[in-house]
Each structure stands twice: as C-alpha cells, then as structure tokens.
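To be precise, the following lines are coords.txt, and they hold compact mmCIF, C-alpha atoms and all ligand atoms.
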```txt
# COMPACT_ATOMS: atom_id res chain seq x y z
CA MET A 79 -43.07 -7.61 -8.54
CA LEU A 80 -42.72 -10.62 -10.83
CA SER A 81 -41.18 -10.11 -14.28
CA VAL A 82 -41.95 -12.95 -16.73
CA GLY A 83 -39.56 -13.26 -19.66
CA ALA A 84 -37.13 -10.98 -17.86
CA GLY A 85 -34.11 -12.03 -19.92
CA ALA A 86 -31.02 -10.01 -19.04
CA ALA A 87 -33.17 -7.78 -16.79
CA TYR A 88 -32.08 -4.38 -18.09
CA LEU A 89 -35.46 -2.86 -17.13
CA GLU A 90 -35.40 -4.37 -13.65
CA ARG A 91 -31.81 -3.18 -13.11
CA LEU A 92 -32.95 0.34 -14.05
CA LEU A 93 -35.81 0.06 -11.52
CA VAL A 94 -33.30 -0.90 -8.80
CA HIS A 95 -31.10 2.03 -9.87
CA LEU A 96 -34.18 4.30 -9.50
CA GLY A 97 -34.79 3.08 -5.95
CA VAL A 98 -36.93 -0.09 -6.14
CA ASN A 99 -35.81 -2.62 -3.53
CA LYS A 100 -34.14 -5.54 -5.33
CA ASP A 101 -35.65 -7.94 -2.75
CA ASN A 102 -39.08 -7.02 -4.11
CA ILE A 103 -38.29 -8.23 -7.63
CA ILE A 104 -38.42 -11.83 -8.89
CA LEU A 105 -37.20 -12.55 -12.40
CA ALA A 106 -38.72 -15.43 -14.37
CA ASP A 107 -37.76 -16.91 -17.70
CA VAL A 108 -38.03 -20.21 -19.53
CA GLU A 109 -34.34 -19.99 -20.40
CA PRO A 110 -32.07 -20.00 -17.29
CA LYS A 111 -29.03 -18.72 -19.16
CA HIS A 112 -30.85 -15.49 -20.04
CA LEU A 113 -31.20 -14.50 -16.38
CA PRO A 114 -28.55 -12.68 -14.30
CA ASP A 115 -27.40 -14.37 -11.09
CA ASP A 116 -27.69 -11.41 -8.74
CA PHE A 117 -31.52 -11.34 -8.54
CA GLN A 118 -34.07 -13.80 -7.14
CA ILE A 119 -35.06 -16.02 -10.07
CA LYS A 120 -37.66 -18.62 -11.01
CA ILE A 121 -37.39 -20.78 -14.11
CA PHE A 122 -40.65 -21.76 -15.79
CA ASP A 123 -42.51 -21.75 -19.09
CA MET A 124 -45.35 -19.24 -18.80
CA PHE A 125 -47.52 -21.42 -21.10
CA GLU A 126 -47.24 -24.39 -18.73
CA GLU A 127 -48.20 -24.74 -15.07
CA TRP A 128 -46.69 -21.92 -12.99
CA PRO A 129 -44.68 -22.86 -9.88
CA GLU A 130 -45.73 -21.92 -6.39
CA PHE A 131 -43.83 -18.94 -5.01
CA LYS A 132 -42.18 -18.81 -1.59
CA ASP A 133 -44.75 -18.61 1.25
CA ARG A 134 -47.50 -18.62 -1.42
CA GLN A 135 -46.49 -15.05 -2.07
CA LYS A 136 -48.76 -12.98 -4.33
CA PHE A 137 -47.62 -9.95 -6.32
CA ASP A 138 -48.85 -6.35 -6.64
CA LEU A 139 -47.48 -6.26 -10.16
CA ILE A 140 -46.71 -8.93 -12.76
CA ILE A 141 -45.01 -7.69 -15.90
CA PHE A 142 -44.25 -9.34 -19.22
CA PRO A 143 -41.71 -6.87 -20.64
CA GLU A 144 -41.07 -7.32 -24.35
CA ASN A 145 -41.99 -10.98 -24.19
CA PRO A 146 -43.58 -11.31 -27.63
CA SER A 147 -44.10 -15.04 -27.49
CA ILE A 148 -47.94 -14.85 -27.30
CA ASN A 149 -48.31 -14.06 -30.97
CA VAL A 150 -45.57 -16.53 -31.83
CA HIS A 151 -47.23 -19.20 -29.66
CA CYS A 152 -50.70 -19.04 -31.22
CA HIS A 153 -49.62 -18.17 -34.79
CA LYS A 154 -53.11 -16.93 -35.71
CA TYR A 155 -55.20 -13.86 -34.93
CA GLY A 156 -58.73 -14.14 -33.57
CA GLU A 157 -59.89 -17.04 -31.39
CA PRO A 158 -56.45 -18.68 -30.79
CA GLU A 159 -55.10 -15.31 -29.71
CA ILE A 160 -58.04 -14.76 -27.31
CA GLN A 161 -57.53 -18.21 -25.77
CA THR A 162 -53.76 -17.72 -25.41
CA PHE A 163 -54.03 -14.29 -23.75
CA SER A 164 -56.85 -15.52 -21.47
CA SER A 165 -54.87 -18.57 -20.39
CA ILE A 166 -51.68 -16.61 -19.63
CA PHE A 167 -53.55 -13.88 -17.74
CA ALA A 168 -55.52 -16.48 -15.73
CA LYS A 169 -52.19 -18.05 -14.63
CA ALA A 170 -50.85 -14.63 -13.68
CA LEU A 171 -54.10 -13.71 -11.86
CA GLN A 172 -53.70 -16.78 -9.61
CA ASN A 173 -50.52 -15.09 -8.36
CA LEU A 174 -51.75 -11.49 -8.26
CA LYS A 175 -52.99 -9.58 -5.25
CA LEU A 176 -56.41 -7.98 -5.09
CA GLU A 177 -56.12 -4.59 -6.84
CA GLY A 178 -52.89 -5.79 -8.45
CA GLU A 179 -51.99 -5.18 -12.08
CA ILE A 180 -50.54 -7.14 -14.98
CA LYS A 181 -48.65 -5.23 -17.66
CA MET A 182 -47.52 -6.73 -20.94
CA THR A 183 -45.59 -5.14 -23.79
CA GLY A 184 -44.52 -6.63 -27.10
CA ASN A 185 -47.82 -8.25 -28.14
CA PRO A 186 -49.77 -5.73 -30.26
CA THR A 187 -53.50 -6.39 -30.34
CA GLY A 188 -56.68 -4.36 -30.64
CA PRO A 189 -59.85 -3.87 -28.56
CA GLU A 190 -61.66 -6.60 -30.53
CA ILE A 191 -59.30 -9.06 -28.82
CA THR A 192 -58.83 -7.43 -25.40
CA GLU A 193 -62.62 -7.07 -24.89
CA LYS A 194 -63.09 -10.79 -25.56
CA VAL A 195 -60.16 -11.68 -23.28
CA GLU A 196 -61.84 -9.65 -20.53
CA GLN A 197 -65.13 -11.52 -21.14
CA GLU A 198 -63.33 -14.90 -20.98
CA LEU A 199 -61.62 -14.01 -17.70
CA ARG A 200 -64.91 -12.74 -16.23
CA LYS A 201 -66.59 -16.01 -17.25
CA ALA A 202 -63.80 -17.81 -15.34
CA GLY A 203 -64.67 -15.80 -12.21
CA TYR A 204 -62.12 -12.98 -12.33
CA ASN A 205 -63.37 -9.44 -11.87
CA VAL A 206 -60.90 -7.73 -14.19
CA THR A 207 -60.54 -5.05 -16.82
CA VAL A 208 -58.29 -5.68 -19.84
CA GLN A 209 -57.15 -2.81 -22.04
CA ASN A 210 -54.44 -2.12 -24.54
CA LEU A 211 -53.36 1.43 -23.74
CA HIS A 212 -51.23 1.78 -26.90
CA PRO A 213 -52.81 -0.50 -29.50
CA THR A 214 -51.53 1.40 -32.51
CA LYS A 215 -47.99 2.16 -31.29
CA GLU A 216 -45.98 0.11 -28.83
CA SER A 217 -48.49 -2.27 -27.31
CA LEU A 218 -49.16 -1.98 -23.54
CA ILE A 219 -51.84 -4.37 -22.28
CA VAL A 220 -52.98 -3.70 -18.71
CA VAL A 221 -55.09 -6.15 -16.69
CA LYS A 222 -56.52 -4.81 -13.41
CA ASN A 223 -57.64 -7.26 -10.76
CA LYS A 224 -60.70 -5.89 -8.99
CA THR A 225 -61.47 -8.77 -6.62
CA SER A 226 -60.18 -12.27 -5.86
CA PRO A 227 -61.27 -15.17 -8.13
CA ASN A 228 -64.90 -16.29 -7.64
CA THR A 229 -65.72 -13.69 -5.00
CA GLY A 230 -67.76 -11.45 -7.26
C1 LIG A 301 -37.22 -10.31 -26.21
S1 LIG A 301 -36.66 -11.02 -24.69
C2 LIG A 301 -37.06 -9.65 -23.57
C3 LIG A 301 -36.14 -9.61 -22.41
C4 LIG A 301 -36.38 -8.46 -21.45
N1 LIG A 301 -37.67 -8.57 -20.78
C5 LIG A 301 -36.27 -7.12 -22.14
O1 LIG A 301 -37.26 -6.37 -22.16
O2 LIG A 301 -35.19 -6.81 -22.62
C6 LIG A 301 -37.98 -12.20 -24.36
C7 LIG A 301 -37.69 -13.12 -23.16
O3 LIG A 301 -38.86 -13.93 -22.94
C8 LIG A 301 -38.42 -15.23 -22.62
N2 LIG A 301 -39.50 -16.19 -22.95
C9 LIG A 301 -39.88 -16.59 -24.19
N3 LIG A 301 -40.86 -17.49 -24.10
C10 LIG A 301 -41.10 -17.67 -22.78
C11 LIG A 301 -41.99 -18.52 -22.06
N4 LIG A 301 -42.81 -19.36 -22.70
N5 LIG A 301 -42.00 -18.46 -20.71
C12 LIG A 301 -41.15 -17.61 -20.05
N6 LIG A 301 -40.28 -16.80 -20.69
C13 LIG A 301 -40.25 -16.84 -22.04
C14 LIG A 301 -37.17 -15.44 -23.47
O4 LIG A 301 -36.35 -16.49 -22.97
C15 LIG A 301 -36.53 -14.06 -23.39
O5 LIG A 301 -35.60 -13.98 -22.33
```

Would you kindly transcribe this structure into structure tokens?
Ligand SMILES: C[S@@+](CC[C@H](N)C(=O)[O-])C[C@H]1O[C@@H](n2cnc3c(N)ncnc32)[C@H](O)[C@@H]1O
Amino acid sequence: MLSVGAGAAYLERLLVHLGVNKDNIILADVEPKHLPDDFQIKIFDMFEEWPEFKDRQKFDLIIFPENPSINVHCHKYGEPEIQTFSSIFAKALQNLKLEGEIKMTGNPTGPEITEKVEQELRKAGYNVTVQNLHPTKESLIVVKNKTSPNTG
C-alpha cells in the first residue's frame, strides 16, 4: 500500500497495530519532516512527476488520507477540479496493479465532477470507475482499476 500525504502516519500506525505488515506500507509526503522515521518513505510532490518505486513495484492500494490539497491546488470548482483530479489519479494509476484501488478522503466533490473525471481517465486509456461514496458527508472517492492502461 502507498499512502500519499501520510503526514505523521497515525492511520498507518493503526493499520500496523491491527495486523497489517509494516513492510507492505510506503509513506509518501511532499514534506519530509512530517513523516516518521520508522516506516519506508518516499518524498515527492503528488502534483509533479512521481518517482519510480523499488523494483518498479506496483500497489494494490494507493490512499490519499485527509490530503485536501486538490481543492486548494485548483482553487476553482468545475473544469480545473476535473483536470486536477484526473491528473493525480492518472499518476496513481501508473503505479497501481490491475484490480487495484485508489481511495481519497478530504476532497469533497459530487457526481458531476467524478463522472467527468472517469470520462477523462477512460479517454486516456484507463478502464476505471470513479465514485464518491460519501459526497454529502466525509468525502471518500474510490477509483477502481479494471485493466492495465491501453489494454481495453
Ligand atoms: C492534513 S495532513 C494529513 C496527514 C495524514 N494523512 C492524516 O490523515 O492525519 C495532509 C498531508 O498532505 C501532505 N501534502 C500536501 N500537499 C502534498 C503534495 N502536493 N504532495 C504530497 N503530499 C502533500 C502534507 O504535507 C500533509 O502531511
């Protein structure tokens, strides 16, 4: 699992406490000082080019837990929001396994946006579904990767 914008990693520490193998978690953040030093870490800005992971590893799950910088990054609703979500999810999809999932909290948005994000990603060759499971409460956007890029 890759956690982008992991910060102090309270969620990931809870997962380890509940039995998830720590070796299966990589924490990422743009700000090195936010990350703890007892996990595997990767420092990068999710809006820029993503680094390659060890052995070109791909992930079953990529999470963006309470990383509300999408709405801050694009400032406006509508088209800029669609482009920003599509671009971030495309970067994550490059690093996601077939049948993998992306989960993002902290960026509330409705079906009028998620449907268009799904269309954009499909145009780019990704066979995905994009849904916000809690659009009116705490936002939880889920992207499901059905097949590899450009394979149908
Ligand atoms: C509100 S904190 C959430 C921390 C943790 N995930 C949690 O749920 O408690 C947001 C984190 O996202 C990181 N972040 C903000 N912009 C980012 C970016 N462009 N790329 C990667 N991480 C970013 C921040 O440095 C911060 O650690």

Subject >> Within 12 Å of ligand LIG 301 (chain A), counting only C-alpha atoms and all ligand atoms, residues as a PyMOL selection string >> reply: chain A and resi 80-92+105-114+119-129+141-152+162+166+169-170+181-185

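Residue neighbourhood of stretch 136-139 of chain A, excluding near-sequence residues (fewer than 6 positions): Met79, Asn173, Leu174, Lys175, Gly178, Glu179 and Ile180 of chain A, at 6 Å, using all atoms listed in the file.
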
Original post:
In Å to one decimal, how far is atom CA of A:Pro158 from atom CA of A:Ile219?
Top reply: 17.3 Å

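When atom CA of A:Ser165 is paired with atom CA of A:Pro189, their separation reads 17.5 Å.
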
Subject >> Interatomic distance (Å, one decimal) between atom CA of A:Pro213 and atom CA of A:Gln172 >> reply: 25.7 Å

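With all atoms listed in the file as the atoms that count, the residue of A:Gln135, A:Asp101, A:Val94, A:Phe167 with the shortest distance to A:Arg200 is A:Phe167.
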
**OP:** Might you pull out every residue within 9 Å of A:Lys194, with only C-alpha atoms counted and same-chain residues fewer than 5 positions away left off, and present them as a count of residues only?
**Re:** 4

Original post:
Could you name the residues that touch A:Gly156 at 10 Å or less, counting only C-alpha atoms, but leaving out those on the same chain fewer than 6 positions away, as a list of chain:residue names?
Top reply: A:Thr187, A:Glu190, A:Ile191, A:Lys194

**OP:** Could you give me, as a VMD selection string, the residues within 9 Å of A:Glu196, counting all atoms listed in the file and dropping anything in the same chain fewer than 6 positions from it?
**Re:** chain A and resid 164 204 to 209 221

Hey, can I get the axis-aligned box for stretch 107-119 of chain A? All listed atoms, 4 Å padding on each side, centre and edge lengths in Å to one decimal, as JSON.
```
{"center_x": -32.7, "center_y": -15.8, "center_z": -13.8, "size_x": 18.6, "size_y": 16.9, "size_z": 21.3}
```
